[in-house]
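What follows is the content of entry-v8.tsv, which has TSV, C-alpha atoms (C1' of nucleotides):
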```
chain	number	residue	atom	x	y	z
A	209	MET	CA	31.94	28.96	-0.24
A	210	THR	CA	29.70	26.46	1.40
A	211	ARG	CA	26.80	28.79	0.86
A	212	THR	CA	27.26	29.21	-2.87
A	213	THR	CA	28.17	25.58	-3.47
A	214	ARG	CA	25.10	24.48	-1.60
A	215	ARG	CA	22.75	26.72	-3.44
A	216	ARG	CA	23.50	24.98	-6.68
A	217	VAL	CA	22.61	21.61	-5.28
A	218	LEU	CA	20.05	21.91	-2.51
A	219	PRO	CA	16.66	23.60	-2.78
A	220	THR	CA	16.06	26.79	-0.83
A	221	THR	CA	13.57	26.85	2.00
A	222	GLU	CA	11.01	28.48	-0.25
A	223	GLU	CA	11.51	25.92	-3.01
A	224	LEU	CA	11.12	23.18	-0.48
A	225	ARG	CA	7.92	24.75	0.80
A	226	VAL	CA	6.49	24.74	-2.73
A	227	TRP	CA	7.62	21.17	-3.24
A	228	ARG	CA	5.96	19.96	-0.07
A	229	GLY	CA	2.78	21.85	-0.82
A	230	PHE	CA	2.67	20.45	-4.32
A	231	ILE	CA	3.30	16.82	-3.54
A	232	GLU	CA	1.16	16.74	-0.42
A	233	THR	CA	-1.74	18.40	-2.16
A	234	ALA	CA	-1.59	15.98	-5.06
A	235	GLU	CA	-1.58	13.13	-2.60
A	236	ALA	CA	-4.50	14.58	-0.62
A	237	LEU	CA	-6.45	15.03	-3.83
A	238	ARG	CA	-5.85	11.47	-4.87
A	239	ALA	CA	-6.88	10.27	-1.44
A	240	GLU	CA	-10.09	12.31	-1.45
A	241	LEU	CA	-11.11	11.13	-4.91
A	242	GLY	CA	-10.38	7.57	-3.89
A	243	ALA	CA	-12.34	7.86	-0.68
A	244	ARG	CA	-15.39	9.23	-2.49
A	245	LEU	CA	-15.25	6.50	-5.10
A	246	GLN	CA	-15.05	3.94	-2.34
A	247	ALA	CA	-17.85	5.47	-0.31
A	248	GLU	CA	-20.27	6.11	-3.16
A	249	CYS	CA	-19.51	3.23	-5.49
A	250	ALA	CA	-17.65	0.61	-3.44
A	251	LEU	CA	-14.80	0.71	-5.92
A	252	SER	CA	-11.12	1.45	-5.37
A	253	PRO	CA	-9.19	3.60	-7.83
A	254	GLY	CA	-7.53	0.43	-9.03
A	255	ASP	CA	-10.87	-1.21	-9.67
A	256	TYR	CA	-11.96	1.85	-11.60
A	257	ALA	CA	-8.88	1.82	-13.83
A	258	VAL	CA	-9.38	-1.86	-14.65
A	259	LEU	CA	-13.08	-1.48	-15.33
A	260	LEU	CA	-12.49	1.59	-17.51
A	261	ALA	CA	-9.96	-0.20	-19.67
A	262	LEU	CA	-12.21	-3.24	-20.04
A	263	SER	CA	-15.25	-1.11	-20.82
A	264	GLU	CA	-13.44	0.47	-23.72
A	265	ALA	CA	-12.10	-2.81	-25.06
A	266	GLU	CA	-13.54	-4.85	-27.93
A	267	GLU	CA	-16.11	-7.25	-26.51
A	268	ARG	CA	-15.23	-6.00	-23.02
A	269	ARG	CA	-12.31	-8.39	-22.80
A	270	LEU	CA	-8.54	-8.03	-22.95
A	271	ARG	CA	-5.44	-10.13	-22.72
A	272	SER	CA	-4.01	-9.75	-19.29
A	273	SER	CA	-0.74	-8.25	-20.48
A	274	GLN	CA	-2.54	-5.85	-22.80
A	275	LEU	CA	-4.63	-4.67	-19.89
A	276	ALA	CA	-1.51	-4.18	-17.80
A	277	ASP	CA	0.02	-2.06	-20.57
A	278	ASP	CA	-3.14	-0.01	-21.02
A	279	ILE	CA	-3.26	1.07	-17.43
A	280	GLY	CA	0.49	1.12	-16.86
A	281	TRP	CA	0.68	-1.54	-14.20
A	282	GLU	CA	3.18	-4.28	-13.57
A	283	ARG	CA	1.86	-7.68	-14.39
A	284	SER	CA	2.10	-9.02	-10.89
A	285	ARG	CA	0.21	-6.07	-9.52
A	286	LEU	CA	-2.54	-6.70	-12.02
A	287	SER	CA	-2.59	-10.38	-11.26
A	288	HIS	CA	-3.07	-9.77	-7.54
A	289	HIS	CA	-5.71	-7.14	-8.19
A	290	LEU	CA	-7.63	-9.31	-10.64
A	291	GLY	CA	-7.70	-12.05	-8.04
A	292	ARG	CA	-9.47	-9.72	-5.64
A	293	MET	CA	-11.82	-8.40	-8.32
A	294	GLU	CA	-12.67	-11.88	-9.48
A	295	LYS	CA	-13.63	-12.84	-5.93
A	296	ARG	CA	-16.08	-9.96	-5.95
A	297	GLY	CA	-17.51	-10.94	-9.33
A	298	LEU	CA	-16.42	-7.80	-11.18
A	299	ILE	CA	-14.36	-9.66	-13.77
A	300	ARG	CA	-13.79	-13.21	-14.92
A	301	ARG	CA	-10.67	-14.92	-16.26
A	302	GLU	CA	-10.82	-17.11	-19.33
A	303	GLU	CA	-8.17	-19.07	-21.13
A	304	CYS	CA	-6.93	-17.56	-24.34
A	305	ARG	CA	-7.69	-19.64	-27.39
A	306	THR	CA	-4.79	-18.34	-29.49
A	307	ASP	CA	-2.10	-18.71	-26.82
A	308	ASN	CA	-2.34	-21.35	-24.16
A	309	ARG	CA	-0.12	-19.38	-21.83
A	310	GLY	CA	-2.37	-16.40	-22.02
A	311	ALA	CA	-5.36	-15.34	-20.00
A	312	GLU	CA	-8.21	-13.13	-21.05
A	313	VAL	CA	-9.89	-10.84	-18.61
A	314	VAL	CA	-13.61	-10.43	-19.20
A	315	LEU	CA	-15.89	-7.77	-17.79
A	316	THR	CA	-18.88	-9.37	-16.07
A	317	THR	CA	-22.38	-7.91	-16.03
A	318	GLU	CA	-21.86	-6.83	-12.43
A	319	GLY	CA	-18.53	-5.25	-13.31
A	320	SER	CA	-20.12	-3.37	-16.14
A	321	ALA	CA	-22.94	-2.13	-13.94
A	322	ALA	CA	-20.54	-1.08	-11.20
A	323	PHE	CA	-18.49	0.92	-13.68
A	324	ARG	CA	-21.52	2.61	-15.19
A	325	GLY	CA	-22.66	3.59	-11.72
A	326	ALA	CA	-19.25	5.00	-10.86
A	327	THR	CA	-18.34	7.08	-13.85
A	328	VAL	CA	-20.61	10.08	-13.35
A	329	PRO	CA	-19.91	10.47	-9.63
A	330	HIS	CA	-16.21	10.10	-10.27
A	331	LEU	CA	-16.02	12.60	-13.11
A	332	THR	CA	-18.19	15.00	-11.16
A	333	ALA	CA	-15.76	14.80	-8.29
A	334	VAL	CA	-12.83	15.46	-10.63
A	335	ARG	CA	-14.58	18.53	-11.89
A	336	GLU	CA	-15.46	19.76	-8.45
A	337	LEU	CA	-12.11	19.16	-6.77
A	338	PHE	CA	-9.73	19.86	-9.63
A	339	VAL	CA	-11.19	21.65	-12.64
A	340	ASP	CA	-13.45	24.01	-10.74
A	341	ALA	CA	-10.82	24.69	-8.11
A	342	LEU	CA	-8.54	26.30	-10.68
A	343	THR	CA	-8.84	29.32	-12.95
A	344	PRO	CA	-8.56	28.54	-16.67
A	345	GLU	CA	-5.02	29.94	-16.61
A	346	GLN	CA	-4.11	27.74	-13.69
A	347	LEU	CA	-5.54	24.72	-15.45
A	348	THR	CA	-3.39	25.43	-18.47
A	349	ALA	CA	-0.39	26.00	-16.25
A	350	ALA	CA	-1.06	22.70	-14.47
A	351	GLY	CA	-0.91	20.90	-17.79
A	352	GLU	CA	2.35	22.57	-18.71
A	353	ILE	CA	3.88	21.87	-15.33
A	354	ALA	CA	2.97	18.20	-15.63
A	355	THR	CA	4.53	18.08	-19.08
A	356	ALA	CA	7.72	19.74	-17.88
A	357	LEU	CA	8.03	17.40	-14.92
A	358	ARG	CA	7.33	14.36	-17.02
A	359	ALA	CA	10.09	15.36	-19.42
A	360	LYS	CA	12.62	15.09	-16.60
A	361	LEU	CA	11.31	11.71	-15.54
A	362	GLY	CA	11.95	10.19	-18.95
B	65	MET	CA	-30.13	19.97	-23.59
B	66	THR	CA	-28.12	16.96	-22.60
B	67	ARG	CA	-25.09	18.65	-24.02
B	68	THR	CA	-25.40	21.86	-22.05
B	69	THR	CA	-26.53	20.16	-18.87
B	70	ARG	CA	-23.61	17.81	-19.03
B	71	ARG	CA	-21.05	20.47	-19.57
B	72	ARG	CA	-21.80	22.00	-16.22
B	73	VAL	CA	-21.16	18.74	-14.41
B	74	LEU	CA	-18.67	16.59	-16.25
B	75	PRO	CA	-15.17	17.62	-17.31
B	76	THR	CA	-14.43	18.01	-21.00
B	77	THR	CA	-12.02	15.68	-22.72
B	78	GLU	CA	-9.32	18.30	-22.54
B	79	GLU	CA	-9.89	18.94	-18.86
B	80	LEU	CA	-9.73	15.24	-18.23
B	81	ARG	CA	-6.48	15.02	-20.16
B	82	VAL	CA	-4.96	17.71	-17.96
B	83	TRP	CA	-6.27	15.98	-14.86
B	84	ARG	CA	-4.77	12.66	-15.79
B	85	GLY	CA	-1.47	14.23	-16.73
B	86	PHE	CA	-1.34	16.11	-13.47
B	87	ILE	CA	-2.21	13.30	-11.12
B	88	GLU	CA	-0.17	10.68	-12.90
B	89	THR	CA	2.88	12.91	-13.07
B	90	ALA	CA	2.67	13.73	-9.38
B	91	GLU	CA	2.43	10.03	-8.65
B	92	ALA	CA	5.36	9.20	-10.92
B	93	LEU	CA	7.43	11.90	-9.25
B	94	ARG	CA	6.65	10.56	-5.81
B	95	ALA	CA	7.52	7.06	-6.95
B	96	GLU	CA	10.84	8.14	-8.46
B	97	LEU	CA	11.88	10.08	-5.38
B	98	GLY	CA	10.93	7.14	-3.22
B	99	ALA	CA	12.82	4.68	-5.37
B	100	ARG	CA	15.99	6.77	-5.24
B	101	LEU	CA	15.78	7.16	-1.50
B	102	GLN	CA	15.35	3.44	-1.17
B	103	ALA	CA	18.17	2.61	-3.56
B	104	GLU	CA	20.70	5.11	-2.25
B	105	CYS	CA	19.86	5.22	1.43
B	106	ALA	CA	17.80	2.12	2.19
B	107	LEU	CA	15.02	4.29	3.58
B	108	SER	CA	11.38	4.51	2.55
B	109	PRO	CA	9.64	7.87	2.31
B	110	GLY	CA	7.83	6.95	5.51
B	111	ASP	CA	11.11	6.26	7.28
B	112	TYR	CA	12.39	9.62	6.08
B	113	ALA	CA	9.39	11.50	7.41
B	114	VAL	CA	9.70	9.87	10.82
B	115	LEU	CA	13.43	10.44	11.04
B	116	LEU	CA	13.08	14.06	9.94
B	117	ALA	CA	10.52	14.81	12.62
B	118	LEU	CA	12.60	13.11	15.30
B	119	SER	CA	15.77	14.87	14.17
B	120	GLU	CA	14.14	18.21	14.66
B	121	ALA	CA	12.65	17.34	18.04
B	122	GLU	CA	14.05	18.24	21.46
B	123	GLU	CA	16.46	15.53	22.53
B	124	ARG	CA	15.56	13.61	19.39
B	125	ARG	CA	12.52	12.12	21.05
B	126	LEU	CA	8.77	12.66	20.76
B	127	ARG	CA	5.57	11.36	22.21
B	128	SER	CA	4.04	8.95	19.76
B	129	SER	CA	0.90	11.00	19.22
B	130	GLN	CA	2.90	14.20	18.81
B	131	LEU	CA	4.97	12.52	16.13
B	132	ALA	CA	1.82	11.35	14.38
B	133	ASP	CA	0.49	14.91	14.38
B	134	ASP	CA	3.77	16.35	13.13
B	135	ILE	CA	3.85	14.18	10.08
B	136	GLY	CA	0.09	14.00	9.58
B	137	TRP	CA	-0.32	10.27	10.03
B	138	GLU	CA	-2.98	8.23	11.74
B	139	ARG	CA	-1.85	6.71	14.96
B	140	SER	CA	-2.25	3.15	13.84
B	141	ARG	CA	-0.24	3.78	10.72
B	142	LEU	CA	2.54	5.21	12.82
B	143	SER	CA	2.37	2.33	15.25
B	144	HIS	CA	2.78	-0.23	12.48
B	145	HIS	CA	5.58	1.76	10.90
B	146	LEU	CA	7.44	2.25	14.18
B	147	GLY	CA	7.30	-1.49	14.73
B	148	ARG	CA	9.14	-2.06	11.49
B	149	MET	CA	11.62	0.75	12.13
B	150	GLU	CA	12.32	-0.52	15.61
B	151	LYS	CA	13.15	-3.95	14.23
B	152	ARG	CA	15.74	-2.30	12.02
B	153	GLY	CA	17.21	-0.33	14.90
B	154	LEU	CA	16.33	3.12	13.54
B	155	ILE	CA	14.25	4.12	16.54
B	156	ARG	CA	13.52	2.88	20.03
B	157	ARG	CA	10.35	3.06	22.13
B	158	GLU	CA	10.48	4.12	25.76
B	159	GLU	CA	7.78	4.46	28.35
B	160	CYS	CA	6.70	7.97	29.11
B	161	ARG	CA	7.46	9.07	32.67
B	162	THR	CA	4.71	11.67	32.85
B	163	ASP	CA	1.91	9.51	31.45
B	164	ASN	CA	1.93	5.78	31.89
B	165	ARG	CA	-0.23	5.25	28.85
B	166	GLY	CA	2.14	7.11	26.64
B	167	ALA	CA	5.14	6.01	24.64
B	168	GLU	CA	8.12	8.05	23.62
B	169	VAL	CA	9.86	7.44	20.35
B	170	VAL	CA	13.59	7.97	20.47
B	171	LEU	CA	15.98	8.36	17.57
B	172	THR	CA	18.84	5.87	17.85
B	173	THR	CA	22.40	6.53	16.77
B	174	GLU	CA	21.84	4.40	13.69
B	175	GLY	CA	18.64	6.23	12.90
B	176	SER	CA	20.37	9.55	13.21
B	177	ALA	CA	23.21	8.42	10.94
B	178	ALA	CA	20.79	7.03	8.37
B	179	PHE	CA	18.92	10.31	8.27
B	180	ARG	CA	22.10	12.37	7.95
B	181	GLY	CA	23.17	10.18	5.06
B	182	ALA	CA	19.83	10.56	3.34
B	183	THR	CA	19.13	14.24	3.52
B	184	VAL	CA	21.56	15.55	0.91
B	185	PRO	CA	20.77	12.90	-1.71
B	186	HIS	CA	17.06	13.39	-1.13
B	187	LEU	CA	17.10	17.17	-1.36
B	188	THR	CA	19.34	16.97	-4.39
B	189	ALA	CA	16.83	14.73	-6.08
B	190	VAL	CA	14.02	17.14	-5.23
B	191	ARG	CA	15.97	19.93	-6.83
B	192	GLU	CA	16.82	17.92	-9.90
B	193	LEU	CA	13.40	16.42	-10.54
B	194	PHE	CA	11.14	19.24	-9.40
B	195	VAL	CA	12.79	22.62	-8.93
B	196	ASP	CA	15.14	22.44	-11.90
B	197	ALA	CA	12.47	20.94	-14.13
B	198	LEU	CA	10.35	24.08	-13.87
B	199	THR	CA	10.88	27.69	-14.85
B	200	PRO	CA	10.66	30.18	-11.95
B	201	GLU	CA	7.21	31.17	-13.21
B	202	GLN	CA	6.09	27.57	-13.28
B	203	LEU	CA	7.42	27.03	-9.78
B	204	THR	CA	5.38	29.98	-8.54
B	205	ALA	CA	2.35	28.73	-10.43
B	206	ALA	CA	2.79	25.28	-8.91
B	207	GLY	CA	2.64	26.80	-5.45
B	208	GLU	CA	-0.50	28.74	-6.30
B	209	ILE	CA	-2.17	25.72	-7.86
B	210	ALA	CA	-1.46	23.68	-4.77
B	211	THR	CA	-2.92	26.40	-2.59
B	212	ALA	CA	-6.04	26.66	-4.72
B	213	LEU	CA	-6.57	22.91	-4.70
B	214	ARG	CA	-5.99	22.64	-1.01
B	215	ALA	CA	-8.62	25.31	-0.39
B	216	LYS	CA	-11.24	23.05	-1.99
B	217	LEU	CA	-10.15	20.09	0.07
B	218	GLY	CA	-10.82	21.87	3.35
C	127	DC	C1'	-13.21	7.02	46.57
C	128	DT	C1'	-15.65	4.98	42.57
C	129	DC	C1'	-17.67	5.15	38.25
C	130	DC	C1'	-17.41	6.38	33.55
C	131	DT	C1'	-15.90	8.67	29.71
C	132	DT	C1'	-11.86	10.13	27.23
C	133	DT	C1'	-7.35	9.51	25.63
C	134	DG	C1'	-2.78	7.11	24.10
C	135	DA	C1'	-1.34	3.43	21.85
C	136	DT	C1'	-1.39	-1.20	19.95
C	137	DT	C1'	-3.37	-5.05	17.40
C	138	DG	C1'	-5.65	-7.89	13.76
C	139	DA	C1'	-7.73	-8.24	9.45
C	140	DC	C1'	-7.55	-7.05	5.10
C	141	DA	C1'	-6.51	-4.17	0.63
C	142	DC	C1'	-2.73	-2.66	-2.00
C	143	DG	C1'	2.24	-2.61	-4.24
C	144	DT	C1'	6.89	-4.39	-5.39
C	145	DC	C1'	10.26	-7.76	-6.10
C	146	DA	C1'	12.07	-12.18	-7.05
C	147	DA	C1'	11.01	-16.86	-8.09
C	148	DT	C1'	8.38	-20.09	-10.58
C	149	DC	C1'	6.21	-22.49	-14.38
C	150	DA	C1'	4.21	-23.51	-18.62
C	151	DT	C1'	4.04	-22.39	-23.30
C	152	DC	C1'	5.84	-20.40	-27.49
C	153	DC	C1'	9.07	-19.89	-31.09
C	154	DG	C1'	13.55	-19.53	-33.55
C	155	DC	C1'	17.09	-22.36	-34.84
C	156	DC	C1'	19.72	-26.56	-35.70
D	300	DG	C1'	11.62	-33.03	-34.35
D	301	DG	C1'	13.74	-31.07	-30.43
D	302	DC	C1'	16.46	-27.87	-27.61
D	303	DG	C1'	16.90	-23.44	-25.39
D	304	DG	C1'	15.95	-18.87	-24.63
D	305	DA	C1'	12.01	-15.43	-24.54
D	306	DT	C1'	7.30	-14.55	-23.05
D	307	DG	C1'	2.61	-14.68	-20.34
D	308	DA	C1'	1.04	-15.10	-16.10
D	309	DT	C1'	0.84	-16.48	-11.25
D	310	DT	C1'	2.64	-16.93	-6.60
D	311	DG	C1'	4.85	-15.92	-2.05
D	312	DA	C1'	7.07	-12.87	0.94
D	313	DC	C1'	7.05	-8.69	2.74
D	314	DG	C1'	6.39	-3.49	3.32
D	315	DT	C1'	2.74	-0.24	3.45
D	316	DG	C1'	-2.09	1.85	4.55
D	317	DT	C1'	-6.94	1.87	6.58
D	318	DC	C1'	-10.48	0.59	9.63
D	319	DA	C1'	-12.48	-1.28	13.65
D	320	DA	C1'	-11.64	-3.41	18.02
D	321	DT	C1'	-9.13	-3.59	22.14
D	322	DC	C1'	-7.00	-2.19	26.46
D	323	DA	C1'	-4.90	0.29	30.04
D	324	DA	C1'	-4.32	4.56	32.28
D	325	DA	C1'	-6.07	9.32	33.15
D	326	DG	C1'	-9.27	12.47	34.86
D	327	DG	C1'	-13.72	14.58	35.91
D	328	DA	C1'	-18.51	14.05	38.28
D	329	DG	C1'	-21.06	12.23	41.89
```

What would the structure in this file look like if it were written as structure tokens?
Amino acid sequence: MTRTTRRRVLPTTEELRVWRGFIETAEALRAELGARLQAECALSPGDYAVLLALSEAEERRLRSSQLADDIGWERSRLSHHLGRMEKRGLIRREECRTDNRGAEVVLTTEGSAAFRGATVPHLTAVRELFVDALTPEQLTAAGEIATALRAKLG
Amino acid sequence: MTRTTRRRVLPTTEELRVWRGFIETAEALRAELGARLQAECALSPGDYAVLLALSEAEERRLRSSQLADDIGWERSRLSHHLGRMEKRGLIRREECRTDNRGAEVVLTTEGSAAFRGATVPHLTAVRELFVDALTPEQLTAAGEIATALRAKLG
DNA sequence: CTCCTTTGATTGACACGTCAATCATCCGCC
DNA sequence: GGCGGATGATTGACGTGTCAATCAAAGGAG
């Protein structure tokens, strides 16, 4: 009884092995990409996400909350991160003329240059470590797996 | 020329879409599992990893460096984490009798109880959010994808 | 036995993330 | 106009992670 009851609830050893392999590999991949970005471009993944969103924005500026939405971050996380990026001269904060509560985040010349210098190395690394590591079928399967998992996360 | 040269180096839009879906979903999954563990059991994923390794060890104790190896952490990370866990009474540090430099990490009664209380909820969540979200074929594919990716990471 | 290098572990500084609290402004409603 | 709740953003406290520096004990070479 215990055996059959359990099997409906707890993963088998093999399922657990796949789970660990999957989640640890994804983490290792993220870490490796991040380390290369840091080593080659002196940017963290967070910096890259912020700079990407700003680069694509009208006039290279965004309302703080809009930026947070674009990259899927909590506001406070963004606020802390912008503080660090501002210290390094990658972005600048300006007051918003249409809403005195608001802040606008502006890409600086240095920020723009840093992003331009980072994009090719970063995308090359994505290709090398992810796209080229998989067969076309596996790449398709990876997309479907992500979709299926995301559906459960709601 | 630019077009063909580029295509050998940079991912296509579709490849990039898959990449983002994959890495963001893995991250979201990790976050959700971690949040549940925290909410239901008051343990972080790090706590869980440490407690799991100690639970499986002889006499529920391990040399600090052995523990770090088991869970794949840097020593300093472990040292910081053990400090926090010790404050909460989950583990205890003892001097090592065979090597005066060494420290042994010992699972306390509370630590053991916390781990016992966490394992079923955690594994259930893994089944619900990962195993049950995928078809058997997808689960197999996920394992193969992880293996292929890991091969490139060395 | 005495150097001197290696090893086990900790520490400090700093980047990153989350949560709760704060604070000013905006805006609907009377 | 003015009050009161929503909204935009920042801050502080704290857990987490990495890197470089530190420090004591171990262990081999002379």

Could you list the residues in chain A lying within 6 Å of chain B, using all atoms listed in the file, and format the result as a PyMOL selection string? chain A and resi 217-219+226+230+233+331-332+335+341+351+354+357

Counting only C-alpha atoms (C1' of nucleotides), write as number ranges by chain all protein and nucleic acid residues lying at most 10 Å from (4.2, -21.1, -22.5) in the file's frame. A: 307-310; C: 149-153; D: 305-308

Using all atoms listed in the file, find each residue in chain B having at least one atom no more than 9 Å away from chain C; report its shortest atom-to-atom pair and that distance in Å (one decimal), rows by chain then rising number, as JSON lines.
```
{"residue": "B:Ser128", "atom": "CA", "partner": "C:DA135", "partner_atom": "C1'", "distance": 8.0}
{"residue": "B:Ser129", "atom": "CA", "partner": "C:DG134", "partner_atom": "C1'", "distance": 7.2}
{"residue": "B:Arg139", "atom": "CA", "partner": "C:DA135", "partner_atom": "C1'", "distance": 7.6}
{"residue": "B:Ser140", "atom": "CA", "partner": "C:DT136", "partner_atom": "C1'", "distance": 7.5}
{"residue": "B:Ser143", "atom": "CA", "partner": "C:DT136", "partner_atom": "C1'", "distance": 7.0}
{"residue": "B:His144", "atom": "CA", "partner": "C:DT136", "partner_atom": "C1'", "distance": 8.6}
{"residue": "B:Arg165", "atom": "CA", "partner": "C:DG134", "partner_atom": "C1'", "distance": 5.7}
{"residue": "B:Gly166", "atom": "CA", "partner": "C:DG134", "partner_atom": "C1'", "distance": 5.5}
{"residue": "B:Ala167", "atom": "CA", "partner": "C:DA135", "partner_atom": "C1'", "distance": 7.5}
```

File dump, residues just selected, C-alpha atoms, as a PDB file, in the frame of the given file:
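This went into part09.pdb:
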```
ATOM      1  CA  SER B 128       4.040   8.950  19.760  1.00  0.00           C
ATOM      2  CA  SER B 129       0.900  11.000  19.220  1.00  0.00           C
ATOM      3  CA  ARG B 139      -1.850   6.710  14.960  1.00  0.00           C
ATOM      4  CA  SER B 140      -2.250   3.150  13.840  1.00  0.00           C
ATOM      5  CA  SER B 143       2.370   2.330  15.250  1.00  0.00           C
ATOM      6  CA  HIS B 144       2.780  -0.230  12.480  1.00  0.00           C
ATOM      7  CA  ARG B 165      -0.230   5.250  28.850  1.00  0.00           C
ATOM      8  CA  GLY B 166       2.140   7.110  26.640  1.00  0.00           C
ATOM      9  CA  ALA B 167       5.140   6.010  24.640  1.00  0.00           C
TER      10      ALA B 167
END
```

Contact set, chain D to chain B: 8 Å, only C-alpha atoms (C1' of nucleotides), as a VMD selection string: chain D and resid 316 323 to 324

Hey, can you check how far atom CA of Leu115 of chain B sits from atom CA of Arg161 of chain B? 22.5 Å

Counting only C-alpha atoms (C1' of nucleotides), what is within 9 Å of Leu118 of chain B, bar same-chain residues fewer than 4 positions away, as a PyMOL selection string? chain B and resi 113-114+122-126+131+169-171+176

Between atom CA of Leu154 of chain B and atom CA of Arg127 of chain B, distance in Å (one decimal):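 Interatomic distance, atom CA of Leu154 of chain B to atom CA of Arg127 of chain B: 16.1 Å.
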
Taking (-8.4, -14.9, -15.8) in the coordinates of the supplied file, I want to know which residues reach to within 7 Å of it, counting all atoms listed in the file; could you give the answer as a ChimeraX atom specification? /A:300-303,311-313

Between atom CA of Met149 of chain B and atom CA of Phe179 of chain B lies a distance of 12.6 Å

Which centre and which edge lengths, in Å to one decimal, describe the axis-aligned box that holds all listed atoms of segment 88-92 of chain B after 3 Å is added on each side, as lines of an AutoDock Vina configuration file?
```
center_x = 2.6
center_y = 11.5
center_z = -10.9
size_x = 11.5
size_y = 10.5
size_z = 10.4
```
